[in-house]
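J.: Below are the structure tokens for one structure; questions will follow.
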Amino acid sequence: AMIKKVLIIVAILTVLLIAAAAYAYSKVSPSADRILNYISDHPETSAIQLIRNGEIIASHNPDKMMSLASTVKIIIAIEYAMQAAAGDVDPDQQVALLDLEHYYAPRTDGGAHPAWLRSVKDKITQDSIALRQVALGMIRYSSNANTEYLCELLGLDRINQRLDSLEVKDHTPIYYIVSALYVSKELFPDASDADLADQLRSLSAEEYVAATTSIHQKLRADTSYRKDLGNLPLEARRVWSDRLPASTVSEYTDIMALLNSSTHLPVKAQTYLREIMESVMANPVNQSWLKHSGGKGGSTEFVLTKSLYATDKEGNTTELAYFMEDIAPLSMQLLPISMNEFELQILRSEEFVQQISDKIGN
């Protein structure tokens, strides 16, 4: 009976501690300094490049190859806009929702795909939706299912060739990232938790991508395959995160500069691209001080990335990319709350830009 009492007390204390932590967490307010301090306190696992009016204000680890997470979707968005402008795809073509659902891996996207579906309820006709909405859902809601569908429609080979035509040198190949979640199940169904991560790591880049390609075919053909992810312990998920397409903050600020200027892409492609990249401009408050702005962030359990561009009403241009990897669980809770504030301060406060320059510099 004594042991039972102690266990009950321990259980109650645990619940109280969790509640207290949750309450403290809910009281955390956004802070631009939190991101800046994190980057300067974690120099090995962070990278940032900030360019204002064509001048590099801060550059730390500019050429370090890092996992992009969903920030890679910017490249797919550019390819969509170029193909739409060329008439290879029609932004108004109807896409069956079922064709997207084939690539929805349940409970792996933080609820992004269901949230997107709720947001477009009034745009769905006969269980289909316009391609431009699918592309917008990839960027604005970060739907992985939409991303996988677009990679197939646009063609992975053409998406990867787009990297060449954008003169992006430091970038690993873009492949089917939803399919990658099933590599453990497909190749190592009987591996123990202890061995699985090592077996995944032992695959060459070619073997890994080849596996994702054949898994993609299975997802496309069979609606039940997606429902079972197999065994995905923490270390296996870390390998998935580590092996996502990678690039550098230097390459991504260059890409942001292309999107920020009106000279690099065909006018028609720009129109299609801004439609999906610049949803922040739908807000009248942003319209009051920004000419245009767009960007995309990404995260896994271990990685946070963001890349953005803006031109304000005074004509000041900003390009920013910052990537952080190997993030501890508590920081993973705290950092995302502050990203928006960090970016706003960069766009609105000369003092804060100076602070970044002083703290990180070149």
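Every chain in the structure tokens takes a letter, A first, then B, and so on in the order presented; its residues are numbered from 1, and the ligands are numbered from 1 following the presented order.
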Near Ala210 in chain A, counting only C-alpha atoms, which residues have an atom at most 12 Å away, once you skip same-chain residues fewer than 4 positions from it, shown as a ChimeraX atom specification?

T.: /A:173,175-176,179-180,183,186-187,203-206,214-217

J.: Any chance you could list, as JSON, numbers by chain, the residues in range 207-303 of chain A that come up alpha helix (DSSP H) when DSSP is run on the backbone?

T.: {"A": [207, 208, 209, 210, 211, 212, 213, 214, 215, 216, 217, 218, 219, 220, 221, 234, 235, 236, 237, 238, 239, 240, 241, 242, 249, 250, 251, 252, 253, 254, 255, 256, 257, 258, 259, 260, 267, 268, 269, 270, 271, 272, 273, 274, 275, 276, 277, 284, 285, 286, 287, 288, 289]}

J.: For the selection just defined, write its residues with C-alpha atoms to a file, as a CSV table (one decimal), in the first residue's frame.

T.:
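selection21.csv, freshly written:
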```csv
chain,number,residue,atom,x,y,z
A,207,GLU,CA,20.9,3.7,-53.2
A,208,TYR,CA,18.9,5.9,-50.9
A,209,VAL,CA,17.4,8.0,-53.7
A,210,ALA,CA,16.7,4.8,-55.8
A,211,ALA,CA,14.8,3.4,-52.9
A,212,THR,CA,12.6,6.6,-52.6
A,213,THR,CA,11.9,6.4,-56.3
A,214,SER,CA,10.5,2.8,-56.2
A,215,ILE,CA,8.6,3.6,-52.9
A,216,HIS,CA,7.0,6.6,-54.7
A,217,GLN,CA,5.7,4.2,-57.4
A,218,LYS,CA,4.2,2.0,-54.6
A,219,LEU,CA,2.5,5.1,-53.0
A,220,ARG,CA,1.1,6.1,-56.3
A,221,ALA,CA,-0.3,2.7,-57.1
A,234,LEU,CA,14.1,8.5,-33.1
A,235,GLU,CA,17.5,7.7,-34.6
A,236,ALA,CA,15.9,6.5,-37.8
A,237,ARG,CA,14.0,9.8,-38.0
A,238,ARG,CA,17.3,11.6,-37.5
A,239,VAL,CA,18.8,9.8,-40.5
A,240,TRP,CA,15.8,10.8,-42.6
A,241,SER,CA,16.3,14.4,-41.5
A,242,ASP,CA,20.1,14.3,-42.0
A,249,VAL,CA,22.8,29.9,-46.7
A,250,SER,CA,24.9,31.5,-49.4
A,251,GLU,CA,23.1,29.7,-52.2
A,252,TYR,CA,19.7,30.4,-50.7
A,253,THR,CA,20.3,34.1,-50.3
A,254,ASP,CA,21.4,34.2,-54.0
A,255,ILE,CA,18.1,32.4,-54.8
A,256,MET,CA,16.2,35.0,-52.7
A,257,ALA,CA,17.9,37.8,-54.6
A,258,LEU,CA,16.6,36.3,-57.9
A,259,LEU,CA,13.1,36.3,-56.5
A,260,ASN,CA,13.5,39.8,-55.0
A,267,VAL,CA,7.5,38.2,-66.1
A,268,LYS,CA,4.8,35.6,-66.4
A,269,ALA,CA,6.8,33.1,-64.3
A,270,GLN,CA,7.3,35.9,-61.7
A,271,THR,CA,3.5,36.4,-61.5
A,272,TYR,CA,2.9,32.7,-60.9
A,273,LEU,CA,5.7,32.5,-58.3
A,274,ARG,CA,4.6,35.5,-56.3
A,275,GLU,CA,1.1,34.2,-56.2
A,276,ILE,CA,2.3,31.2,-54.2
A,277,MET,CA,5.4,32.6,-52.4
A,284,PRO,CA,-3.2,44.9,-45.4
A,285,VAL,CA,-0.7,45.7,-42.6
A,286,ASN,CA,2.1,44.2,-44.6
A,287,GLN,CA,0.9,46.0,-47.8
A,288,SER,CA,1.3,49.3,-45.9
A,289,TRP,CA,5.1,49.0,-45.6
```

J.: For Leu320 in chain A, work out the shell of residues within 7 Å, counting only C-alpha atoms and skipping chain neighbours fewer than 3 positions away, then give it as a PDB file with N, CA, C and O atoms, in the first residue's frame.

T.:
```pdb
ATOM      1  N   GLN A  49      23.144  34.073 -43.461  1.00  0.00           N
ATOM      2  CA  GLN A  49      23.617  35.106 -44.369  1.00  0.00           C
ATOM      3  C   GLN A  49      22.506  36.141 -44.505  1.00  0.00           C
ATOM      4  O   GLN A  49      21.357  35.801 -44.768  1.00  0.00           O
ATOM      5  N   LEU A  50      22.889  37.398 -44.280  1.00  0.00           N
ATOM      6  CA  LEU A  50      21.937  38.513 -44.375  1.00  0.00           C
ATOM      7  C   LEU A  50      22.510  39.552 -45.328  1.00  0.00           C
ATOM      8  O   LEU A  50      23.635  40.014 -45.163  1.00  0.00           O
ATOM      9  N   ILE A  51      21.711  39.883 -46.331  1.00  0.00           N
ATOM     10  CA  ILE A  51      22.129  40.873 -47.329  1.00  0.00           C
ATOM     11  C   ILE A  51      21.110  42.004 -47.352  1.00  0.00           C
ATOM     12  O   ILE A  51      19.901  41.762 -47.460  1.00  0.00           O
ATOM     13  N   THR A 253      20.485  32.679 -50.174  1.00  0.00           N
ATOM     14  CA  THR A 253      20.305  34.138 -50.276  1.00  0.00           C
ATOM     15  C   THR A 253      20.429  34.561 -51.740  1.00  0.00           C
ATOM     16  O   THR A 253      19.741  35.484 -52.179  1.00  0.00           O
ATOM     17  N   SER A 307      14.309  30.920 -45.274  1.00  0.00           N
ATOM     18  CA  SER A 307      14.888  31.736 -46.320  1.00  0.00           C
ATOM     19  C   SER A 307      13.831  32.733 -46.766  1.00  0.00           C
ATOM     20  O   SER A 307      12.688  32.335 -46.995  1.00  0.00           O
ATOM     21  N   LEU A 308      14.182  34.021 -46.861  1.00  0.00           N
ATOM     22  CA  LEU A 308      13.165  35.000 -47.258  1.00  0.00           C
ATOM     23  C   LEU A 308      13.771  36.183 -47.996  1.00  0.00           C
ATOM     24  O   LEU A 308      14.979  36.417 -47.944  1.00  0.00           O
ATOM     25  N   TYR A 309      12.899  36.899 -48.693  1.00  0.00           N
ATOM     26  CA  TYR A 309      13.301  38.125 -49.387  1.00  0.00           C
ATOM     27  C   TYR A 309      12.225  39.177 -49.157  1.00  0.00           C
ATOM     28  O   TYR A 309      11.054  38.855 -48.911  1.00  0.00           O
TER      29      TYR A 309
END
```

J.: Within range 92-270 of chain A, find each residue whose DSSP state, derived from the backbone, is strand (DSSP E), and express the selection as a list in words.

T.: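 Everything in range 92-270 of chain A that counts as strand (DSSP E) is Gln94, Val95, Ala96, Ser128, Ile129, Ala130, Ala246 and Ser247 of chain A.
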
J.: Calculated over only C-alpha atoms, which of the candidates A:Asp33, A:Asp228, A:Glu44, A:Asp164 has the smallest distance to Met339 in chain A?

T.: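 Closest candidate: A:Asp33.
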
J.: I'd like the contact shell of Asp99 in chain A - 12 Å cut-off, only C-alpha atoms, skipping same-chain residues fewer than 2 positions apart - returned as a list of chain:residue names.

T.: A:Gln94, A:Val95, A:Ala96, A:Leu97, A:Glu101, A:His102, A:Tyr103, A:Tyr104, A:Asp127, A:Ser128, A:Ile129, A:Leu131, A:Val134, A:Ala145, A:Asn146, A:Thr147, A:Glu148, A:Tyr149, A:Leu150, A:Glu152, A:Leu153, A:Leu219, A:Arg220, A:Ala221, A:Asp222, A:Thr223

J.: Could you dump the residues just selected with C-alpha atoms as a PDB file, in the first residue's frame?

T.:
```pdb
ATOM      1  CA  GLN A  94      -7.909  20.248 -61.754  1.00  0.00           C
ATOM      2  CA  VAL A  95      -6.103  17.842 -59.434  1.00  0.00           C
ATOM      3  CA  ALA A  96      -8.081  15.053 -57.778  1.00  0.00           C
ATOM      4  CA  LEU A  97      -7.737  15.203 -53.985  1.00  0.00           C
ATOM      5  CA  GLU A 101      -3.846  11.674 -50.612  1.00  0.00           C
ATOM      6  CA  HIS A 102      -1.713   8.851 -52.054  1.00  0.00           C
ATOM      7  CA  TYR A 103       1.288  10.768 -50.703  1.00  0.00           C
ATOM      8  CA  TYR A 104      -0.097  11.761 -47.313  1.00  0.00           C
ATOM      9  CA  ASP A 127     -13.300  16.363 -55.105  1.00  0.00           C
ATOM     10  CA  SER A 128     -10.733  18.251 -57.193  1.00  0.00           C
ATOM     11  CA  ILE A 129      -8.789  21.482 -56.816  1.00  0.00           C
ATOM     12  CA  LEU A 131      -3.078  23.096 -59.473  1.00  0.00           C
ATOM     13  CA  VAL A 134      -1.858  22.693 -54.690  1.00  0.00           C
ATOM     14  CA  ALA A 145       1.730  15.365 -49.945  1.00  0.00           C
ATOM     15  CA  ASN A 146       1.327  18.313 -52.346  1.00  0.00           C
ATOM     16  CA  THR A 147       5.121  18.499 -52.657  1.00  0.00           C
ATOM     17  CA  GLU A 148       5.432  14.823 -53.585  1.00  0.00           C
ATOM     18  CA  TYR A 149       2.632  15.214 -56.148  1.00  0.00           C
ATOM     19  CA  LEU A 150       4.271  18.285 -57.706  1.00  0.00           C
ATOM     20  CA  GLU A 152       6.044  13.833 -59.959  1.00  0.00           C
ATOM     21  CA  LEU A 153       4.015  16.208 -62.153  1.00  0.00           C
ATOM     22  CA  LEU A 219       2.543   5.053 -52.990  1.00  0.00           C
ATOM     23  CA  ARG A 220       1.097   6.111 -56.330  1.00  0.00           C
ATOM     24  CA  ALA A 221      -0.279   2.655 -57.098  1.00  0.00           C
ATOM     25  CA  ASP A 222      -1.525   1.560 -53.682  1.00  0.00           C
ATOM     26  CA  THR A 223      -3.518   3.709 -51.278  1.00  0.00           C
TER      27      THR A 223
END
```

J.: May I have the residues within 12 Å of Arg118 in chain A as a PDB file with N, CA, C and O atoms, in the first residue's frame, using only C-alpha atoms and disregarding those fewer than 6 positions away in the same chain?

T.:
```
ATOM      1  N   GLY A 111       0.326  18.081 -39.103  1.00  0.00           N
ATOM      2  CA  GLY A 111      -1.054  18.480 -39.435  1.00  0.00           C
ATOM      3  C   GLY A 111      -1.159  19.440 -40.609  1.00  0.00           C
ATOM      4  O   GLY A 111      -2.206  20.041 -40.845  1.00  0.00           O
ATOM      5  N   ALA A 112      -0.069  19.590 -41.380  1.00  0.00           N
ATOM      6  CA  ALA A 112      -0.051  20.576 -42.470  1.00  0.00           C
ATOM      7  C   ALA A 112      -1.077  20.267 -43.560  1.00  0.00           C
ATOM      8  O   ALA A 112      -1.820  21.155 -43.994  1.00  0.00           O
ATOM      9  N   ILE A 124     -12.832  23.600 -53.530  1.00  0.00           N
ATOM     10  CA  ILE A 124     -12.872  22.222 -54.033  1.00  0.00           C
ATOM     11  C   ILE A 124     -14.161  22.005 -54.826  1.00  0.00           C
ATOM     12  O   ILE A 124     -15.240  22.336 -54.346  1.00  0.00           O
ATOM     13  N   GLY A 137      -0.532  25.459 -51.408  1.00  0.00           N
ATOM     14  CA  GLY A 137      -0.570  24.624 -50.197  1.00  0.00           C
ATOM     15  C   GLY A 137       0.791  24.064 -49.834  1.00  0.00           C
ATOM     16  O   GLY A 137       1.111  23.864 -48.657  1.00  0.00           O
ATOM     17  N   TYR A 141       1.245  26.153 -46.460  1.00  0.00           N
ATOM     18  CA  TYR A 141       0.957  25.199 -45.375  1.00  0.00           C
ATOM     19  C   TYR A 141       2.041  24.136 -45.236  1.00  0.00           C
ATOM     20  O   TYR A 141       2.038  23.354 -44.306  1.00  0.00           O
TER      21      TYR A 141
END
```

J.: Taking into account only C-alpha atoms, which residue in the set A:Ser59, A:Ser46, A:Ser165, A:Thr317 is nearest to Met82 in chain A?

T.: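 The answer is A:Ser165, which sits nearest to Met82 in chain A.
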